[in-house]
Structures are given as structure tokens and as C-alpha cells.
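Source file: work.tsv; contents: TSV, C-alpha atoms.
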chain	number	residue	atom	x	y	z
N	21	MET	CA	-2.75	-12.30	2.44
N	22	SER	CA	-1.73	-8.81	1.39
N	23	VAL	CA	1.36	-7.08	2.75
N	24	LEU	CA	-0.87	-4.60	4.61
N	25	SER	CA	-2.96	-7.36	6.20
N	26	ASN	CA	0.18	-9.25	7.17
N	27	ALA	CA	1.64	-6.13	8.80
N	28	LYS	CA	-1.60	-5.44	10.71
N	29	ASP	CA	-1.67	-9.02	11.98
N	30	ARG	CA	1.94	-8.84	13.16
N	31	ILE	CA	1.35	-5.54	14.99
N	32	PHE	CA	-1.82	-6.90	16.60
N	33	ARG	CA	-0.08	-10.08	17.77
N	34	ALA	CA	2.88	-8.11	19.13
N	35	ALA	CA	0.51	-5.82	21.04
N	36	GLN	CA	-1.29	-8.86	22.47
N	37	ARG	CA	1.97	-10.50	23.59
N	38	ALA	CA	3.13	-7.26	25.21
N	39	GLY	CA	-0.12	-6.98	27.17
N	40	VAL	CA	-1.17	-3.74	25.46
N	41	MET	CA	-4.55	-5.11	24.41
N	42	SER	CA	-5.38	-6.25	27.92
N	43	LEU	CA	-4.36	-2.90	29.41
N	44	VAL	CA	-6.56	-0.98	27.01
N	45	ARG	CA	-9.49	-3.38	27.47
N	46	ARG	CA	-9.43	-2.95	31.27
N	47	SER	CA	-8.94	0.82	31.19
N	48	GLY	CA	-11.60	3.24	32.35
N	49	TRP	CA	-11.33	4.98	29.00
N	50	ARG	CA	-12.32	1.80	27.12
N	51	GLN	CA	-15.13	0.92	29.51
N	52	ARG	CA	-16.96	4.13	28.63
N	53	ARG	CA	-16.77	3.55	24.89
N	54	LEU	CA	-18.41	1.37	22.31
N	55	LEU	CA	-16.08	-0.25	19.80
N	56	ILE	CA	-17.77	-0.67	16.41
N	57	LEU	CA	-15.96	-2.98	14.02
N	58	CYS	CA	-16.95	-2.53	10.40
N	59	TYR	CA	-16.22	-5.23	7.85
N	60	HIS	CA	-16.86	-4.64	4.19
N	61	GLY	CA	-17.55	-8.19	3.17
N	62	ILE	CA	-17.05	-11.85	3.89
N	63	SER	CA	-15.98	-13.99	0.98
N	64	ILE	CA	-18.60	-16.44	-0.23
N	65	ASP	CA	-16.46	-17.86	-3.00
N	66	ASP	CA	-13.21	-16.29	-4.22
N	67	GLU	CA	-13.87	-12.59	-3.58
N	68	HIS	CA	-10.94	-12.48	-1.15
N	69	GLU	CA	-8.62	-13.49	-4.01
N	70	TRP	CA	-9.53	-10.65	-6.37
N	71	ASN	CA	-10.03	-8.01	-3.66
N	72	PRO	CA	-8.38	-8.98	-0.35
N	73	LEU	CA	-8.66	-5.44	1.05
N	74	LEU	CA	-12.46	-5.60	0.92
N	75	TYR	CA	-13.25	-9.28	1.45
N	76	MET	CA	-12.16	-11.65	4.17
N	77	ARG	CA	-12.12	-15.44	4.12
N	78	GLN	CA	-14.93	-17.00	6.16
N	79	GLU	CA	-12.50	-18.99	8.32
N	80	ARG	CA	-10.60	-15.85	9.26
N	81	PHE	CA	-13.83	-14.00	10.10
N	82	ARG	CA	-14.97	-16.90	12.32
N	83	SER	CA	-11.62	-16.87	14.10
N	84	ARG	CA	-11.89	-13.13	14.76
N	85	LEU	CA	-15.43	-13.53	16.09
N	86	ARG	CA	-14.30	-16.26	18.49
N	87	THR	CA	-11.47	-14.06	19.74
N	88	LEU	CA	-13.80	-11.08	20.17
N	89	ALA	CA	-16.41	-13.11	22.04
N	90	ARG	CA	-13.79	-14.54	24.40
N	91	GLU	CA	-12.69	-11.15	25.70
N	92	ASN	CA	-15.51	-8.73	24.88
N	93	GLU	CA	-19.24	-8.26	25.23
N	94	VAL	CA	-20.52	-8.48	21.64
N	95	LEU	CA	-23.86	-6.68	21.21
N	96	PRO	CA	-26.18	-5.88	18.31
N	97	LEU	CA	-25.48	-2.33	17.12
N	98	GLY	CA	-28.89	-0.90	18.08
N	99	GLU	CA	-28.76	-2.37	21.58
N	100	ALA	CA	-25.18	-1.22	22.06
N	101	ILE	CA	-26.08	2.35	21.12
N	102	ARG	CA	-29.09	2.34	23.49
N	103	GLN	CA	-26.90	1.12	26.33
N	104	LEU	CA	-24.20	3.65	25.50
N	105	GLN	CA	-26.74	6.47	25.62
N	106	SER	CA	-28.26	5.24	28.88
N	107	GLY	CA	-24.88	4.72	30.54
N	108	THR	CA	-25.41	0.97	30.98
N	109	LEU	CA	-22.88	-0.24	28.42
N	110	PRO	CA	-21.05	-3.36	29.65
N	111	ARG	CA	-17.27	-3.52	29.88
N	112	ALA	CA	-15.45	-4.07	26.61
N	113	ALA	CA	-18.60	-3.70	24.49
N	114	VAL	CA	-18.25	-4.38	20.79
N	115	ALA	CA	-20.74	-4.15	17.91
N	116	ILE	CA	-20.01	-5.64	14.49
N	117	THR	CA	-21.31	-4.46	11.13
N	118	VAL	CA	-20.85	-5.97	7.69
N	119	ASP	CA	-21.59	-4.02	4.50
N	120	ASP	CA	-21.88	-6.85	1.97
Rewritten as C-alpha cells:
Amino acid sequence: MSVLSNAKDRIFRAAQRAGVMSLVRRSGWRQRRLLILCYHGISIDDEHEWNPLLYMRQERFRSRLRTLARENEVLPLGEAIRQLQSGTLPRAAVAITVDD
């Protein structure tokens, strides 16, 4: 894991422990917005070893998806945008995209 990834993980975990993530998720501001998470690529073999800033290990990606699904409404991007435009977006809506 790179130094940057390690720092991001520590900040994220600290924010979770402090309750910041829960506060933001329940806020009126968040409920009117669509969070779009963009991943560049998921490692099929050893891509994460030669370019860890662009590729993520499959196990780590699965873990993030489980965490997201536990506390958010994960939607396909097209459906999420339609619901955002029509004002029917569910609470804590998230869409996920992957480039490669």
C-alpha cells in the first residue's frame, strides 16, 4: 500500500470513529446529492503492484463495496441520474464507475 493510500485509509477510519461519516450521511445536504465514486481499475493479476495509484486489489474493492452497500443505496449510474433529476433520489445514493 502506498503512503498516500495508507494516509487516506487512516483519515477515513478516524472520521468513521469520530462519527463524521454518519453525520454527513444523515445530513439534508447529502440526501439531495448523488455521490459518484470513480475507480480507475481493479487488479486482475499484479497491476496493483506496478501502479498502486491506478489499480486496486480485488479483495480491497470487494470490501469497499460491502461497506458501501451496508450504509448507502448503490444504484446504476443512469438510474441514479434519472432519480436525481426527478427529485426521487433515495437517501445516501451512490453510483460506482470503473474505467478499466
Exercise for the section: Determine, counting all atoms listed in the file, which protein, DNA and RNA residues have an atom within 9 Å of an atom of Ile116 in chain N; residues of the same chain fewer than 3 positions away are not included. Present the result as an MDAnalysis selection string. Expected result: chainID N and resid 55:59 94:97
Practice task
Would you mind listing what lies within 8 Å of Ser22 in chain N as a list in words, with only C-alpha atoms counted and same-chain residues fewer than 3 positions away left out?
Solution key: Ser25, Asn26, Pro72 and Leu73 of chain N
Problem - Closest of N:Leu24, N:Ala34, N:Ala113, N:Met76 to Ile101 in chain N - atom-to-atom distances counting all atoms listed in the file - result: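 Once distances to Ile101 in chain N are computed over all atoms listed in the file, the minimum belongs to N:Ala113.
Closest approach to Thr108 in chain N from the set N:Arg86, N:Arg77, N:His60, N:Arg52 is made by N:Arg52, with distances taken over all atoms listed in the file.
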Exercise for the section: Measure the distance from CA of Val114 in chain N to CA of Asn92 in chain N in Å and round it to one decimal. Expected result: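 Separation between CA of Val114 in chain N and CA of Asn92 in chain N: 6.6 Å.
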Return as JSON the centre and edge lengths, in Å with one decimal, of the box along x, y and z that encloses every atom of range 47-50 of chain N in the file, padded by 3 Å per side.
{"center_x": -10.6, "center_y": 2.9, "center_z": 29.7, "size_x": 9.4, "size_y": 10.2, "size_z": 11.2}
Handout entry: Å distance separating CA of Arg111 in chain N from CA of Trp49 in chain N, one decimal place
Key =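 Answer for the CA of Arg111 in chain N to CA of Trp49 in chain N separation: 10.4 Å.
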Practice task
Go through N:Arg45, N:Glu79, N:Val40, N:Ala35 one by one, measure the shortest atom-to-atom distance of each to Glu91 in chain N using all atoms listed in the file, and give the residue with the smallest value.
Solution key: N:Arg45
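Distance-wise, CA of Asp119 in chain N and CA of Gln105 in chain N end up 24.1 Å apart.
Of the residues listed (N:Trp70, N:Gln51, N:Ala112, N:Asp29), N:Asp29 shows the shortest atom-to-atom separation from Arg84 in chain N; distances use all atoms listed in the file.
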Practice task
Select, from N:Ile62, N:Ala115, N:Leu109, N:Ile31, the residue with the minimum atom-to-atom distance to Arg82 in chain N, counting only C-alpha atoms.
Solution key: N:Ile62
Problem - Which residue of N:Asp65, N:Leu74, N:Leu54, N:Thr87 approaches Gln36 in chain N most closely, using all atoms listed in the file - result: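 Of all the options, N:Thr87 lies closest to Gln36 in chain N.
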Since the input lacks some atoms of range 84-96 of chain N, please model N, CA and C atoms and print them as a PDB file, keeping the file's coordinate frame.
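Below you can see result_20.pdb, which holds the result:
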ATOM      1  N   ARG N  84     -11.820 -14.449  14.110  1.00  0.00           N
ATOM      2  CA  ARG N  84     -11.890 -13.130  14.760  1.00  0.00           C
ATOM      3  C   ARG N  84     -13.101 -13.025  15.672  1.00  0.00           C
ATOM      4  N   LEU N  85     -14.233 -13.573  15.246  1.00  0.00           N
ATOM      5  CA  LEU N  85     -15.430 -13.530  16.090  1.00  0.00           C
ATOM      6  C   LEU N  85     -15.221 -14.313  17.386  1.00  0.00           C
ATOM      7  N   ARG N  86     -14.579 -15.468  17.286  1.00  0.00           N
ATOM      8  CA  ARG N  86     -14.300 -16.260  18.490  1.00  0.00           C
ATOM      9  C   ARG N  86     -13.404 -15.479  19.451  1.00  0.00           C
ATOM     10  N   THR N  87     -12.373 -14.853  18.910  1.00  0.00           N
ATOM     11  CA  THR N  87     -11.470 -14.060  19.740  1.00  0.00           C
ATOM     12  C   THR N  87     -12.214 -12.897  20.391  1.00  0.00           C
ATOM     13  N   LEU N  88     -13.023 -12.206  19.627  1.00  0.00           N
ATOM     14  CA  LEU N  88     -13.800 -11.080  20.170  1.00  0.00           C
ATOM     15  C   LEU N  88     -14.729 -11.533  21.287  1.00  0.00           C
ATOM     16  N   ALA N  89     -15.438 -12.626  21.058  1.00  0.00           N
ATOM     17  CA  ALA N  89     -16.410 -13.110  22.040  1.00  0.00           C
ATOM     18  C   ALA N  89     -15.736 -13.579  23.321  1.00  0.00           C
ATOM     19  N   ARG N  90     -14.511 -14.053  23.228  1.00  0.00           N
ATOM     20  CA  ARG N  90     -13.790 -14.540  24.400  1.00  0.00           C
ATOM     21  C   ARG N  90     -13.465 -13.410  25.369  1.00  0.00           C
ATOM     22  N   GLU N  91     -13.196 -12.216  24.845  1.00  0.00           N
ATOM     23  CA  GLU N  91     -12.690 -11.150  25.700  1.00  0.00           C
ATOM     24  C   GLU N  91     -13.548  -9.886  25.698  1.00  0.00           C
ATOM     25  N   ASN N  92     -14.671  -9.913  25.000  1.00  0.00           N
ATOM     26  CA  ASN N  92     -15.510  -8.730  24.880  1.00  0.00           C
ATOM     27  C   ASN N  92     -16.981  -9.097  25.008  1.00  0.00           C
ATOM     28  N   GLU N  93     -17.796  -8.101  25.217  1.00  0.00           N
ATOM     29  CA  GLU N  93     -19.240  -8.260  25.230  1.00  0.00           C
ATOM     30  C   GLU N  93     -19.733  -7.825  23.854  1.00  0.00           C
ATOM     31  N   VAL N  94     -20.078  -8.791  22.997  1.00  0.00           N
ATOM     32  CA  VAL N  94     -20.520  -8.480  21.640  1.00  0.00           C
ATOM     33  C   VAL N  94     -22.034  -8.257  21.668  1.00  0.00           C
ATOM     34  N   LEU N  95     -22.455  -7.085  21.182  1.00  0.00           N
ATOM     35  CA  LEU N  95     -23.860  -6.680  21.210  1.00  0.00           C
ATOM     36  C   LEU N  95     -24.334  -6.290  19.815  1.00  0.00           C
ATOM     37  N   PRO N  96     -25.640  -6.440  19.549  1.00  0.00           N
ATOM     38  CA  PRO N  96     -26.180  -5.880  18.310  1.00  0.00           C
ATOM     39  C   PRO N  96     -26.015  -4.359  18.333  1.00  0.00           C
TER      40      PRO N  96
END
